[in-house]
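Enquirer: Just entry20.cif, nothing more (mmCIF, C-alpha atoms):
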```cif
data_query
#
loop_
_atom_site.label_atom_id
_atom_site.label_comp_id
_atom_site.auth_asym_id
_atom_site.auth_seq_id
_atom_site.Cartn_x
_atom_site.Cartn_y
_atom_site.Cartn_z
CA MET A 1 -21.01 13.46 -20.43
CA VAL A 2 -18.47 13.53 -17.62
CA ALA A 3 -15.57 15.74 -18.65
CA THR A 4 -12.00 14.45 -18.75
CA LYS A 5 -9.97 15.85 -15.86
CA PRO A 6 -8.11 18.94 -17.15
CA LYS A 7 -4.29 19.03 -17.00
CA THR A 8 -4.00 22.78 -16.39
CA ALA A 9 -5.73 25.31 -14.15
CA ASP A 10 -7.56 27.02 -16.99
CA GLY A 11 -9.62 23.85 -17.42
CA TYR A 12 -11.34 24.49 -14.09
CA ASP A 13 -13.86 27.14 -13.11
CA ALA A 14 -15.83 28.29 -10.08
CA ASP A 15 -19.21 27.31 -11.56
CA ARG A 16 -18.18 23.68 -11.99
CA THR A 17 -16.77 23.57 -8.45
CA LEU A 18 -20.03 25.03 -7.12
CA ALA A 19 -21.92 22.33 -9.05
CA CYS A 20 -19.77 19.73 -7.28
CA GLU A 21 -20.63 21.26 -3.92
CA ARG A 22 -24.33 21.25 -4.80
CA ALA A 23 -24.05 17.59 -5.84
CA LEU A 24 -22.30 16.80 -2.55
CA VAL A 25 -25.01 18.45 -0.44
CA THR A 26 -27.71 16.78 -2.55
CA LEU A 27 -25.97 13.43 -2.04
CA LEU A 28 -25.70 13.93 1.73
CA ARG A 29 -29.44 14.54 1.92
CA GLY A 30 -29.86 10.94 0.77
CA PHE A 31 -27.47 9.30 3.22
CA GLY A 32 -29.72 9.54 6.26
CA THR A 33 -28.05 8.25 9.42
CA LEU A 34 -24.98 7.20 7.43
CA LYS A 35 -23.89 10.70 6.48
CA HIS A 36 -21.77 11.14 9.62
CA THR A 37 -19.66 8.11 8.60
CA LEU A 38 -18.59 9.56 5.25
CA ARG A 39 -15.44 11.54 4.53
CA LEU A 40 -14.77 13.88 1.64
CA VAL A 41 -11.34 13.72 0.02
CA GLY A 42 -9.93 14.95 -3.28
CA GLY A 43 -10.14 18.24 -5.13
CA LEU A 44 -13.17 19.72 -3.39
CA VAL A 45 -11.46 19.66 0.03
CA PRO A 46 -9.26 22.77 -0.50
CA ARG A 47 -12.48 24.78 -0.83
CA TYR A 48 -12.90 24.17 2.91
CA LEU A 49 -9.27 23.87 4.08
CA THR A 50 -8.19 27.08 2.33
CA PRO A 51 -11.26 29.29 1.86
CA GLU A 52 -10.57 32.16 -0.52
CA LYS A 53 -9.50 35.38 1.25
CA PRO A 54 -7.97 37.81 -1.27
CA PRO A 55 -5.21 38.83 -1.45
CA ASP A 56 -3.70 36.51 1.18
CA VAL A 57 -5.42 33.30 0.07
CA PRO A 58 -6.11 33.09 -3.66
CA PRO A 59 -8.94 30.93 -4.97
CA HIS A 60 -8.22 27.25 -5.41
CA ALA A 61 -8.46 25.98 -8.98
CA GLY A 62 -11.50 23.88 -8.08
CA THR A 63 -12.58 20.41 -9.08
CA THR A 64 -14.70 18.44 -11.52
CA ASP A 65 -15.68 15.55 -9.25
CA VAL A 66 -16.54 14.48 -5.70
CA ASP A 67 -14.56 11.76 -3.87
CA ILE A 68 -16.16 10.04 -0.88
CA VAL A 69 -14.49 7.51 1.43
CA LEU A 70 -16.82 4.87 2.90
CA ASN A 71 -16.22 3.52 6.38
CA LEU A 72 -15.12 -0.14 6.31
CA GLN A 73 -16.84 -0.82 9.62
CA VAL A 74 -20.15 0.15 8.06
CA LEU A 75 -19.67 -1.84 4.87
CA THR A 76 -20.98 -4.99 6.56
CA ASP A 77 -24.35 -3.37 7.13
CA ASP A 78 -25.95 -4.45 3.86
CA GLU A 79 -29.36 -3.05 4.77
CA ALA A 80 -27.92 0.41 5.34
CA TYR A 81 -26.12 0.48 2.03
CA ARG A 82 -29.03 -1.03 0.16
CA SER A 83 -30.99 1.96 1.39
CA LEU A 84 -28.15 4.21 0.26
CA ALA A 85 -28.30 2.89 -3.30
CA LYS A 86 -32.01 3.54 -3.44
CA GLN A 87 -31.55 7.02 -2.01
CA LEU A 88 -28.85 7.83 -4.55
CA LYS A 89 -31.13 6.86 -7.39
CA GLY A 90 -33.96 8.77 -5.76
CA ARG A 91 -31.78 11.88 -5.70
CA GLY A 92 -31.04 11.60 -9.40
CA PHE A 93 -27.66 9.84 -9.26
CA THR A 94 -26.99 7.13 -11.82
CA ARG A 95 -24.16 4.68 -12.33
CA TYR A 96 -21.45 6.06 -14.59
CA VAL A 97 -21.24 4.33 -17.97
CA ASN A 98 -17.84 4.39 -19.68
CA GLU A 99 -17.12 4.76 -23.40
CA GLU A 100 -17.40 1.00 -23.84
CA GLY A 101 -20.92 1.04 -22.44
CA LYS A 102 -19.99 -0.67 -19.18
CA ALA A 103 -21.66 0.63 -16.03
CA SER A 104 -19.53 1.25 -12.95
CA SER A 105 -20.71 0.48 -9.44
CA TRP A 106 -18.16 2.69 -7.65
CA ARG A 107 -18.49 5.73 -9.92
CA TRP A 108 -21.82 7.53 -10.03
CA GLN A 109 -22.82 10.68 -11.85
CA ARG A 110 -25.32 13.47 -11.40
CA GLN A 111 -26.61 15.70 -14.15
CA VAL A 112 -26.18 19.39 -13.28
CA SER A 113 -27.06 20.97 -16.63
CA GLU A 114 -28.25 19.91 -20.07
CA HIS A 115 -24.84 18.58 -21.15
CA GLU A 116 -22.87 18.47 -17.90
CA TYR A 117 -22.51 15.88 -15.16
CA VAL A 118 -20.65 15.73 -11.86
CA LEU A 119 -18.83 12.48 -11.18
CA VAL A 120 -18.97 10.97 -7.67
CA GLU A 121 -16.43 8.29 -6.77
CA PHE A 122 -16.79 5.99 -3.76
CA LEU A 123 -13.53 4.90 -2.14
CA ARG A 124 -12.47 2.71 0.77
CA ASP A 125 -9.29 1.84 2.62
CA ALA A 126 -7.13 -0.87 1.06
CA ASP A 127 -6.10 -3.91 3.07
CA GLU A 128 -4.53 -7.34 2.60
CA LYS A 129 -7.71 -8.76 1.11
CA LEU A 130 -8.36 -5.80 -1.17
CA PRO A 131 -5.18 -4.08 -2.45
CA THR A 132 -5.04 -0.60 -3.91
CA GLY A 133 -6.79 -0.26 -7.23
CA LYS A 134 -9.23 -3.10 -6.70
CA VAL A 135 -12.98 -2.65 -6.39
CA ALA A 136 -15.15 -4.37 -3.79
CA ALA A 137 -18.93 -4.63 -3.87
CA VAL A 138 -20.74 -3.15 -0.91
CA ASP A 139 -24.25 -4.08 -1.88
CA GLY A 140 -24.31 -6.51 -4.76
CA GLU A 141 -24.03 -4.65 -8.03
CA ASP A 142 -25.50 -1.40 -6.70
CA ILE A 143 -22.69 0.11 -4.62
CA SER A 144 -18.96 -0.64 -4.73
CA ALA A 145 -15.85 1.20 -3.62
CA LEU A 146 -12.34 1.53 -5.05
CA ALA A 147 -9.59 0.59 -2.59
CA ILE A 148 -7.04 3.34 -1.89
CA LYS A 149 -4.07 2.73 0.39
CA HIS A 150 -4.27 4.71 3.65
CA ALA A 151 -7.65 6.24 2.74
CA GLY A 152 -8.85 5.18 6.19
CA ILE A 153 -6.77 7.87 7.90
CA VAL A 154 -9.61 10.32 7.21
CA PHE A 155 -11.78 8.64 9.82
CA ASP A 156 -9.27 9.73 12.48
CA TRP A 157 -7.96 12.90 10.85
CA PHE A 158 -10.80 15.08 9.62
CA ALA A 159 -12.41 18.47 10.00
CA GLU A 160 -16.01 19.43 9.56
CA LYS A 161 -17.93 22.43 8.31
CA GLU A 162 -21.59 23.29 7.81
CA ILE A 163 -22.23 23.96 4.13
CA THR A 164 -25.37 25.56 2.72
CA ALA A 165 -26.03 25.00 -0.96
CA GLU A 166 -28.88 24.98 -3.45
CA LEU A 167 -30.03 21.42 -3.96
CA LEU A 168 -30.09 20.21 -7.55
CA ASP A 169 -33.41 20.15 -9.42
CA GLY A 170 -34.82 23.09 -7.51
CA GLY A 171 -35.00 21.38 -4.14
CA GLY A 172 -34.31 24.58 -2.21
CA LYS A 173 -31.33 25.40 -0.03
CA ALA A 174 -30.07 22.82 2.45
CA THR A 175 -27.43 22.89 5.15
CA GLU A 176 -25.35 19.78 5.74
CA THR A 177 -22.24 19.06 7.82
CA VAL A 178 -19.40 18.05 5.50
CA ARG A 179 -16.66 15.95 7.12
CA PHE A 180 -13.47 16.18 5.11
CA ALA A 181 -9.78 15.26 5.26
CA ASP A 182 -7.87 17.61 7.56
CA VAL A 183 -4.61 19.22 6.47
CA THR A 184 -2.42 16.24 7.38
CA ALA A 185 -4.73 13.64 5.85
CA PHE A 186 -5.15 15.70 2.69
CA LEU A 187 -1.41 16.21 2.18
CA VAL A 188 -0.67 12.55 2.91
CA LEU A 189 -3.24 11.29 0.42
CA LYS A 190 -2.32 13.84 -2.25
CA SER A 191 1.39 13.06 -1.89
CA LEU A 192 0.70 9.37 -2.33
CA ALA A 193 -1.72 10.02 -5.19
CA PHE A 194 0.86 12.06 -7.08
CA ASP A 195 3.53 9.46 -6.39
CA ASP A 196 1.22 6.82 -7.83
CA ARG A 197 -0.41 8.47 -10.85
CA ALA A 198 1.64 11.62 -11.60
CA GLU A 199 -1.36 13.90 -12.21
CA ASN A 200 -0.54 17.62 -12.44
CA LYS A 201 -3.61 18.45 -10.37
CA ASP A 202 -2.49 16.32 -7.42
CA ALA A 203 0.83 18.17 -7.19
CA ALA A 204 -0.88 21.55 -7.49
CA ASP A 205 -3.51 20.67 -4.88
CA LEU A 206 -0.99 19.60 -2.26
CA VAL A 207 1.18 22.69 -2.82
CA HIS A 208 -1.87 24.97 -2.60
CA VAL A 209 -2.95 23.51 0.74
CA MET A 210 0.61 23.47 2.06
CA SER A 211 0.87 27.15 1.12
CA TYR A 212 -2.48 28.52 2.31
CA ALA A 213 -3.93 26.30 5.05
CA GLY A 214 -1.73 28.23 7.50
CA THR A 215 1.88 29.19 7.91
CA LEU A 216 4.35 26.55 6.76
CA GLU A 217 5.40 26.15 10.40
CA TRP A 218 1.79 25.47 11.39
CA VAL A 219 1.29 22.93 8.61
CA ALA A 220 4.50 21.14 9.58
CA GLN A 221 3.38 21.13 13.21
CA GLN A 222 0.25 19.19 12.25
CA PHE A 223 2.48 16.42 10.88
CA ILE A 224 4.79 16.63 13.88
CA ASP A 225 1.97 16.30 16.43
CA LYS A 226 0.34 13.36 14.67
CA ARG A 227 3.63 11.58 14.12
CA LYS A 228 4.64 11.93 17.76
CA ALA A 229 1.26 10.50 18.72
CA GLY A 230 2.23 7.33 16.86
CA GLN A 231 -0.91 7.01 14.75
CA HIS A 232 -0.80 5.98 11.07
CA LEU A 233 3.00 6.15 11.00
CA GLU A 234 3.26 4.15 7.78
CA ALA A 235 0.99 6.63 5.99
CA ILE A 236 2.99 9.63 7.20
CA ASP A 237 6.36 8.02 6.44
CA SER A 238 5.23 7.03 2.94
CA ALA A 239 3.99 10.56 2.24
CA LEU A 240 7.17 12.25 3.49
CA ASP A 241 9.26 9.85 1.43
CA ALA A 242 7.16 10.60 -1.65
CA LEU A 243 7.63 14.34 -1.12
CA ARG A 244 11.41 13.92 -0.86
CA ARG A 245 11.63 11.83 -4.03
CA ARG A 246 9.25 13.94 -6.09
CA PHE A 247 10.09 17.51 -5.00
CA CYS A 248 13.57 17.76 -3.49
CA ASP A 249 17.29 17.63 -4.33
CA GLY A 250 18.92 14.22 -4.47
CA GLU A 251 20.79 11.70 -6.62
CA ASP A 252 22.45 14.44 -8.67
CA VAL A 253 19.07 16.00 -9.50
CA GLU A 254 18.11 19.51 -8.42
CA GLY A 255 14.76 19.70 -6.71
CA HIS A 256 13.19 22.08 -9.19
CA GLU A 257 13.85 19.55 -11.95
CA ARG A 258 11.83 16.85 -10.20
CA ASP A 259 8.48 15.83 -11.63
CA GLY A 260 6.57 17.30 -8.67
CA PRO A 261 7.55 20.95 -9.19
CA VAL A 262 7.29 20.50 -12.97
CA ALA A 263 3.76 19.09 -12.66
CA CYS A 264 2.70 21.91 -10.34
CA ALA A 265 4.19 24.64 -12.56
CA THR A 266 2.65 23.11 -15.68
CA PHE A 267 -0.76 23.01 -14.02
CA MET A 268 -0.48 26.64 -12.95
CA HIS A 269 1.10 28.14 -16.09
CA GLY A 270 0.26 25.78 -18.93
CA THR A 271 2.46 24.21 -21.56
CA ASP A 272 3.15 27.17 -23.85
CA ALA A 273 6.76 27.08 -25.09
CA GLY A 274 7.17 30.86 -25.15
CA ALA A 275 10.04 32.40 -23.21
CA GLU A 276 7.82 34.32 -20.78
CA THR A 277 5.71 31.29 -19.85
CA SER A 278 8.80 29.09 -19.60
CA ASP A 279 10.39 31.58 -17.20
CA ARG A 280 7.26 31.59 -15.05
CA ARG A 281 7.27 27.81 -14.92
CA ILE A 282 10.94 27.69 -13.87
CA ARG A 283 10.36 30.27 -11.13
CA GLU A 284 7.35 28.31 -9.93
CA GLN A 285 9.32 25.06 -9.96
CA ARG A 286 12.06 26.58 -7.81
CA HIS A 287 9.49 28.07 -5.44
CA VAL A 288 7.62 24.77 -5.06
CA SER A 289 10.76 22.71 -4.49
CA GLY A 290 11.98 25.21 -1.92
CA LYS A 291 8.68 25.19 -0.05
CA VAL A 292 8.45 21.40 0.14
CA THR A 293 12.12 21.15 1.14
CA GLU A 294 11.59 23.63 3.97
CA PHE A 295 8.46 21.78 5.10
CA LEU A 296 10.43 18.54 5.33
CA ARG A 297 13.25 20.31 7.19
CA LEU A 298 10.77 21.59 9.78
CA VAL A 299 9.27 18.15 10.32
CA GLU A 300 12.65 16.43 10.57
CA ALA A 301 14.17 19.11 12.81
CA SER A 302 11.42 18.60 15.39
CA GLY A 303 12.70 15.18 16.37
CA ALA A 304 9.43 13.59 15.25
CA VAL A 305 11.35 11.13 13.09
CA ALA A 306 13.22 9.75 16.10
CA ALA A 307 10.04 9.77 18.17
CA ALA A 308 8.23 7.71 15.54
CA ALA A 309 11.10 5.23 15.41
CA ASP A 310 10.98 4.84 19.18
CA ILE A 311 7.25 4.16 19.06
CA ARG A 312 7.71 1.45 16.44
CA THR A 313 10.54 -0.14 18.45
CA ASP A 314 8.52 -0.15 21.66
CA SER A 315 5.52 -1.75 19.97
CA ALA A 316 7.56 -4.45 18.24
#
```
Take the structure in the file and write it out as structure tokens.
Expert:
Amino acid sequence: MVATKPKTADGYDADRTLACERALVTLLRGFGTLKHTLRLVGGLVPRYLTPEKPPDVPPHAGTTDVDIVLNLQVLTDDEAYRSLAKQLKGRGFTRYVNEEGKASSWRWQRQVSEHEYVLVEFLRDADEKLPTGKVAAVDGEDISALAIKHAGIVFDWFAEKEITAELLDGGGKATETVRFADVTAFLVLKSLAFDDRAENKDAADLVHVMSYAGTLEWVAQQFIDKRKAGQHLEAIDSALDALRRRFCDGEDVEGHERDGPVACATFMHGTDAGAETSDRRIREQRHVSGKVTEFLRLVEASGAVAAAADIRTDSA
């Protein structure tokens, strides 16, 4: 069965994350000419944005699933996606069946051991016709995708890396190019995800990447450069606003008391009520709030906010 997403870091392990990577590479082998159109988002991305380099870059907690964004411009090619559905089944992927016995067309699973499965979720950008949270069929009942607001930014903002992994079911080792959300796209989508669903893991993921993808100045500069370029301004503005509301001082609330730092600290240090653990959580909350506050200060001090406003005014 597919495991429920853990609320704390001790629910994740390197073996499960490796299984997700193997499932991803196995999946890509079945996408044929479509593989270059796909983008990886979600909890597997930090494995590539912040590769472990002790002691400077600690290991990321990992993930239990694989999130793939489909390109809207390709969704109209029914023949291509009909082939994809067949390839998925041929590679051992099956439609996820929930506890009520209903099969999903946007969530697929792949068995990786006798009692363990990796969940693969297909996503697409939301629009006026398909708002966030709705599911649209791509190929009849075989392939669908869940609409996520601003998910489409990953087709403009992405990085790529060649990954070699052991294919599932003893298929040998294969090398595939994984195209994944870059630092800006990842932080935007994780900020919005946390703002929407308040998952501890989303807060911890965004803080990990903000902390270890590069210096805080470098990470802020990625936002600054993209914002000055005038692309996907609504996505950036929404993410920065979410970070302010969820992690920083305001409205007679100290930043470390916000739900963002609390969620991150709880994920990292658990929920034990003991004094030592409580102290660690408070220190982590203050650290997280301070980091996000400084990140926002760097972005705002650059003048990118004014530049973005000018761009919007000129285009009106």
Enquirer: Apply the PyMOL selection byres ((chain A and resi 208) around 12) to the file shown and report the selected residues as an MDAnalysis selection string.
Expert: chainID A and resid 43 45:47 49:52 57:62 183 186:187 190 201:207 209:216 219 264:265 267:268 288 291:292
Enquirer: Decode the PyMOL selection byres ((chain A and resi 110) around 8) for the given file into explicit residues and return them as a PyMOL selection string.
Expert: chain A and resi 23+92-94+108-109+111-112+117-120
Enquirer: Which residues match the PyMOL selection byres ((chain A and resi 296) around 10) in the file above, as a list in words?
Expert: Ala220, Phe223, Leu240, Asp241, Leu243, Arg244, Cys248, Gly290, Lys291, Val292, Thr293, Glu294, Phe295, Arg297, Leu298, Val299, Glu300 and Ala301 of chain A
Enquirer: To one decimal place, how far is CA of Leu18 (chain A) from CA of Leu88 (chain A) in Å?
Expert: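 Interatomic distance, CA of Leu18 (chain A) to CA of Leu88 (chain A): 19.5 Å.
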Enquirer: If we count all atoms listed in the file and set the cut-off at 10 Å, which residues sit around Thr132 (chain A), ignoring sequence neighbours fewer than 3 positions away in its own chain? Please answer as a PDB file with C-alpha atoms, in the coordinates of the input.
Expert:
```pdb
ATOM      1  CA  ARG A 124     -12.470   2.710   0.770  1.00  0.00           C
ATOM      2  CA  ASP A 125      -9.290   1.840   2.620  1.00  0.00           C
ATOM      3  CA  ALA A 126      -7.130  -0.870   1.060  1.00  0.00           C
ATOM      4  CA  ASP A 127      -6.100  -3.910   3.070  1.00  0.00           C
ATOM      5  CA  GLU A 128      -4.530  -7.340   2.600  1.00  0.00           C
ATOM      6  CA  LYS A 129      -7.710  -8.760   1.110  1.00  0.00           C
ATOM      7  CA  VAL A 135     -12.980  -2.650  -6.390  1.00  0.00           C
ATOM      8  CA  LEU A 146     -12.340   1.530  -5.050  1.00  0.00           C
ATOM      9  CA  ALA A 147      -9.590   0.590  -2.590  1.00  0.00           C
ATOM     10  CA  ILE A 148      -7.040   3.340  -1.890  1.00  0.00           C
ATOM     11  CA  LYS A 149      -4.070   2.730   0.390  1.00  0.00           C
ATOM     12  CA  HIS A 150      -4.270   4.710   3.650  1.00  0.00           C
ATOM     13  CA  ALA A 151      -7.650   6.240   2.740  1.00  0.00           C
TER      14      ALA A 151
END
```
Enquirer: Between CA of Ile143 (chain A) and CA of Gln87 (chain A), measure the distance and give it in Å to one decimal.
Expert: 11.5 Å
Enquirer: Which residues come within 9 Å of Glu166 (chain A), counting all atoms listed in the file, excluding same-chain residues fewer than 3 positions away, as an mmCIF file with C-alpha atoms, in the frame of the given file?
Expert:
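Saved as selection_31.cif:
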```
data_model
loop_
_atom_site.group_PDB
_atom_site.id
_atom_site.type_symbol
_atom_site.label_atom_id
_atom_site.label_comp_id
_atom_site.auth_asym_id
_atom_site.auth_seq_id
_atom_site.Cartn_x
_atom_site.Cartn_y
_atom_site.Cartn_z
ATOM 1 C CA ARG A 22 -24.330 21.250 -4.800
ATOM 2 C CA VAL A 25 -25.010 18.450 -0.440
ATOM 3 C CA THR A 26 -27.710 16.780 -2.550
ATOM 4 C CA ASP A 169 -33.410 20.150 -9.420
ATOM 5 C CA GLY A 170 -34.820 23.090 -7.510
ATOM 6 C CA GLY A 171 -35.000 21.380 -4.140
ATOM 7 C CA GLY A 172 -34.310 24.580 -2.210
ATOM 8 C CA LYS A 173 -31.330 25.400 -0.030
ATOM 9 C CA ALA A 174 -30.070 22.820 2.450
ATOM 10 C CA THR A 175 -27.430 22.890 5.150
#
```
Enquirer: With distances taken over only C-alpha atoms, which residue among A:Ala198, A:Ala193, A:Leu44, A:Val97 lies nearest Cys20 (chain A)?
Expert: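 For Cys20 (chain A), the nearest of the candidates is A:Leu44.
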Enquirer: Between A:Trp157, A:Gly90, A:Arg246, A:Ala19, which has the minimum distance to Phe180 (chain A) (counting all atoms listed in the file)?
Expert: A:Trp157
Enquirer: Calculated over all atoms listed in the file, which of the candidates A:Thr177, A:Thr164, A:Thr37, A:Ser289 has the smallest distance to Gly255 (chain A)?
Expert: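 The shortest atom-to-atom distance to Gly255 (chain A) comes from A:Ser289.
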Enquirer: With distances taken over only C-alpha atoms, which of A:His269, A:His256, A:Lys86, A:Arg39 is nearest to Gln285 (chain A)?
Expert: A:His256
